[in-house]
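Structure data (TSV, C-alpha atoms) from input04.tsv:
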chain	number	residue	atom	x	y	z
A	1	MET	CA	88.59	189.48	169.30
A	2	THR	CA	87.26	192.22	167.09
A	3	ALA	CA	83.65	193.20	166.66
A	4	ALA	CA	83.54	191.72	163.16
A	5	SER	CA	84.83	188.30	164.32
A	6	ARG	CA	82.27	188.29	167.18
A	7	LEU	CA	79.53	189.04	164.68
A	8	LEU	CA	80.69	186.17	162.44
A	9	ALA	CA	80.74	183.80	165.41
A	10	ILE	CA	77.20	184.72	166.48
A	11	ALA	CA	75.67	184.77	162.97
A	12	PRO	CA	75.15	180.97	162.56
A	13	VAL	CA	73.50	180.71	165.98
A	14	THR	CA	71.19	183.60	165.16
A	15	LEU	CA	70.18	182.06	161.84
A	16	LEU	CA	69.44	178.70	163.46
A	17	ALA	CA	67.38	180.34	166.17
A	18	ALA	CA	65.33	182.09	163.49
A	19	CYS	CA	64.58	178.75	161.82
A	20	ALA	CA	63.41	177.20	165.07
A	21	SER	CA	61.03	179.99	165.94
A	22	SER	CA	58.62	179.56	163.03
A	23	GLY	CA	56.22	177.39	165.09
A	24	ASP	CA	54.88	175.51	162.03
A	25	TYR	CA	55.98	171.95	162.94
A	26	PRO	CA	54.40	168.73	161.61
A	27	SER	CA	52.27	166.79	164.04
A	28	LEU	CA	53.91	163.89	165.85
A	29	ALA	CA	50.58	162.10	166.26
A	30	GLN	CA	50.23	158.61	164.85
A	31	ARG	CA	49.06	158.59	161.23
A	32	PRO	CA	46.48	156.12	159.91
A	33	ALA	CA	49.12	154.28	157.85
A	34	GLU	CA	51.13	153.69	161.01
A	35	ARG	CA	48.31	151.92	162.82
A	36	VAL	CA	48.39	148.14	162.94
A	37	GLU	CA	45.25	146.50	161.70
A	38	GLY	CA	44.14	142.90	161.33
A	39	THR	CA	44.99	139.82	163.36
A	40	LEU	CA	47.98	137.60	163.40
A	41	THR	CA	47.37	133.87	163.46
A	42	PRO	CA	50.35	131.59	164.04
A	43	ALA	CA	50.88	128.72	161.65
A	44	ALA	CA	49.76	125.34	162.90
A	45	PRO	CA	52.69	123.11	163.88
A	46	ASP	CA	53.31	119.92	161.96
A	47	ALA	CA	51.56	117.02	163.62
A	48	THR	CA	54.59	114.72	163.72
A	49	PRO	CA	58.13	115.50	162.73
A	50	ALA	CA	59.66	113.33	160.07
A	51	PRO	CA	61.89	110.57	161.40
A	52	PRO	CA	65.61	111.12	160.88
A	53	PRO	CA	66.87	109.52	157.69
A	54	ALA	CA	68.78	106.28	157.96
A	55	PRO	CA	72.47	106.57	157.12
A	56	SER	CA	73.46	105.27	153.70
A	57	ALA	CA	75.80	102.32	153.33
A	58	ASP	CA	78.54	104.66	152.11
A	59	LEU	CA	78.13	106.86	155.17
A	60	VAL	CA	78.20	103.89	157.54
A	61	GLU	CA	81.41	102.70	155.86
A	62	ARG	CA	82.94	106.20	156.02
A	63	LEU	CA	82.04	106.56	159.71
A	64	ALA	CA	83.57	103.17	160.52
A	65	ALA	CA	86.76	104.16	158.67
A	66	LEU	CA	87.01	107.47	160.52
A	67	ARG	CA	86.34	105.79	163.87
A	68	GLY	CA	89.00	103.15	163.09
A	69	GLU	CA	91.51	105.78	162.01
A	70	ALA	CA	90.98	107.79	165.19
A	71	ALA	CA	91.25	104.65	167.34
A	72	ALA	CA	94.51	103.70	165.62
A	73	ARG	CA	95.96	107.18	166.18
A	74	HIS	CA	94.79	107.08	169.81
A	75	ALA	CA	96.52	103.70	170.26
A	76	GLU	CA	99.76	105.24	168.94
A	77	PHE	CA	99.33	108.16	171.34
A	78	THR	CA	98.69	105.79	174.25
A	79	ALA	CA	101.78	103.73	173.35
A	80	ALA	CA	103.98	106.85	173.27
A	81	LEU	CA	102.54	108.32	176.47
A	82	PRO	CA	104.59	106.34	179.06
A	83	VAL	CA	107.90	107.44	177.52
A	84	ALA	CA	106.73	111.07	177.48
A	85	GLN	CA	105.58	110.78	181.09
A	86	ARG	CA	108.95	109.38	182.15
A	87	LEU	CA	110.79	112.18	180.35
A	88	ALA	CA	108.43	114.83	181.77
A	89	ASN	CA	108.97	113.53	185.30
A	90	ALA	CA	112.73	113.63	184.80
A	91	ALA	CA	112.78	117.08	183.19
A	92	GLY	CA	115.21	119.46	184.81
A	93	SER	CA	115.38	123.21	184.61
A	94	THR	CA	114.49	125.08	181.45
A	95	GLY	CA	117.17	124.66	178.81
A	96	SER	CA	118.70	121.50	180.29
A	97	ASP	CA	119.11	118.33	178.23
A	98	SER	CA	116.40	116.53	180.19
A	99	TRP	CA	114.01	119.45	179.66
A	100	ALA	CA	114.75	119.43	175.91
A	101	SER	CA	114.12	115.67	175.75
A	102	ALA	CA	110.78	116.17	177.48
A	103	GLN	CA	109.87	118.95	175.04
A	104	VAL	CA	110.64	116.67	172.08
A	105	ALA	CA	108.47	113.94	173.60
A	106	LEU	CA	105.64	116.43	174.08
A	107	ALA	CA	106.01	117.57	170.46
A	108	ASP	CA	105.77	113.96	169.32
A	109	LEU	CA	102.60	113.51	171.36
A	110	ASP	CA	101.22	116.74	169.91
A	111	SER	CA	101.83	115.38	166.44
A	112	LEU	CA	100.00	112.14	167.25
A	113	ARG	CA	97.13	114.11	168.76
A	114	SER	CA	96.80	116.25	165.65
A	115	ARG	CA	96.59	113.13	163.49
A	116	ALA	CA	93.66	111.93	165.61
A	117	ALA	CA	92.07	115.36	165.31
A	118	VAL	CA	92.03	115.03	161.51
A	119	SER	CA	89.34	112.35	161.85
A	120	LEU	CA	87.40	114.67	164.13
A	121	ALA	CA	87.61	117.47	161.57
A	122	ASP	CA	86.32	115.12	158.86
A	123	LEU	CA	83.43	114.14	161.12
A	124	ASP	CA	82.69	117.81	161.79
A	125	THR	CA	82.47	118.39	158.05
A	126	LEU	CA	80.14	115.42	157.59
A	127	TRP	CA	77.98	116.62	160.49
A	128	VAL	CA	77.65	120.14	159.08
A	129	ASP	CA	76.82	118.80	155.64
A	130	ALA	CA	74.19	116.49	157.15
A	131	THR	CA	72.75	119.42	159.10
A	132	LEU	CA	72.42	121.53	155.98
A	133	ASP	CA	71.14	118.72	153.77
A	134	GLY	CA	68.87	117.05	156.32
A	135	GLY	CA	71.04	113.94	156.46
A	136	ALA	CA	71.74	111.36	159.14
A	137	ARG	CA	73.08	113.67	161.84
A	138	GLU	CA	72.45	111.23	164.68
A	139	ALA	CA	74.74	108.54	163.27
A	140	ILE	CA	77.45	111.06	162.52
A	141	GLY	CA	77.00	112.70	165.92
A	142	ALA	CA	77.44	109.41	167.76
A	143	THR	CA	80.71	108.65	165.96
A	144	ARG	CA	81.83	112.24	166.38
A	145	SER	CA	81.24	112.03	170.15
A	146	GLU	CA	83.39	108.89	170.37
A	147	VAL	CA	86.27	110.47	168.46
A	148	GLU	CA	85.92	113.73	170.37
A	149	SER	CA	86.24	111.78	173.62
A	150	LEU	CA	89.51	110.24	172.42
A	151	VAL	CA	90.91	113.62	171.42
A	152	ARG	CA	89.79	115.12	174.75
A	153	GLN	CA	91.66	112.37	176.64
A	154	GLU	CA	94.77	113.18	174.64
A	155	ASP	CA	94.37	116.89	175.34
A	156	GLU	CA	94.09	116.22	179.08
A	157	ALA	CA	97.20	114.01	179.06
A	158	LEU	CA	99.16	116.68	177.19
A	159	ALA	CA	98.00	119.38	179.61
A	160	ARG	CA	99.16	117.33	182.60
A	161	LEU	CA	102.57	116.72	181.01
A	162	ARG	CA	103.00	120.38	180.04
A	163	ALA	CA	102.24	121.38	183.62
A	164	ARG	CA	105.05	119.09	184.83
A	165	VAL	CA	107.61	120.25	182.29
A	166	GLY	CA	106.71	123.92	182.50

Would you write out, as structure tokens, the structure that this file holds?
Amino acid sequence: MTAASRLLAIAPVTLLAACASSGDYPSLAQRPAERVEGTLTPAAPDATPAPPPAPSADLVERLAALRGEAAARHAEFTAALPVAQRLANAAGSTGSDSWASAQVALADLDSLRSRAAVSLADLDTLWVDATLDGGAREAIGATRSEVESLVRQEDEALARLRARVG
């Protein structure tokens, strides 16, 4: 390294050191505008919350239809389950005919489960809309819980069968 290149390398450090040595820094003390003044009083809570709105006749009808649709799909799933269980119990090694038959039965059950989940998705949409609009969430939530329970039962049955088939 030549003397000129050393000088060029040291020059920025020297200039920065010169800037830092002036000693005329602003004070870091708190300024008057930074001080908090006054008192903070929390707002008084509402005396009684408003009762939840009653579901409209249209909503009650829609909930009954969604509950009925999910129950019908669950009944189809339940009717197809014994055949799928028999095929899953008889499934041989991966790639065998019995294994393929079990996989087809599981796919059919998956299809039935997804049809029941459509009702659950519709109920989720209604529940979110009711949450945002201040609607009858309780009525929707009760129906949603029922349908969710049906779908959960189907999920558990599918998981057990998948574990058998592998």

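Minimum distance to Val147 in chain A across A:Ala33, A:Leu66, A:Ala159, A:Val83 (counting all atoms listed in the file) occurs at A:Leu66.
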
Can you pull out every residue within 12 Å of Arg137 in chain A, counting all atoms listed in the file, but drop anything in the same chain fewer than 4 positions away, and send it as a list in words?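 So, after excluding close chain neighbours, the residues are Pro51, Pro52, Pro53, Ala54, Pro55, Ser56, Leu59, Val60, Leu63, Leu123, Asp124, Thr125, Leu126, Trp127, Val128, Asp129, Ala130, Thr131, Leu132, Asp133, Gly141, Ala142, Thr143, Arg144 and Ser145 of chain A.
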
Would you mind reading off the distance between CA of Leu120 in chain A and CA of Glu148 in chain A, one decimal, in Å?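 Between these atoms lies a distance of 6.5 Å.
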
Separation of CA of Arg73 in chain A and CA of Asp97 in chain A, in Å?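 CA of Asp97 in chain A lies at a distance of 28.4 Å from CA of Arg73 in chain A.
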
Report the distance between CA of Ala116 in chain A and CA of Ser98 in chain A in Å, rounded to one decimal place. 27.4 Å

Closest to Gln103 in chain A among A:Ala163, A:Val151, A:Val118, A:Ala43, using only C-alpha atoms?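 Answer, going by the shortest atom-to-atom distance: A:Ala163.
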
Using only C-alpha atoms, can you tell me which of A:Ala70, A:Ala157, A:Ala90, A:Ala136 comes closest to Asp110 in chain A?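 Among the listed residues, the smallest separation from Asp110 in chain A belongs to A:Ala157.
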
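The nearest approach to Asn89 in chain A among the residues A:Val165, A:Thr2, A:Thr39, A:Pro32, with only C-alpha atoms taken into account, belongs to A:Val165.
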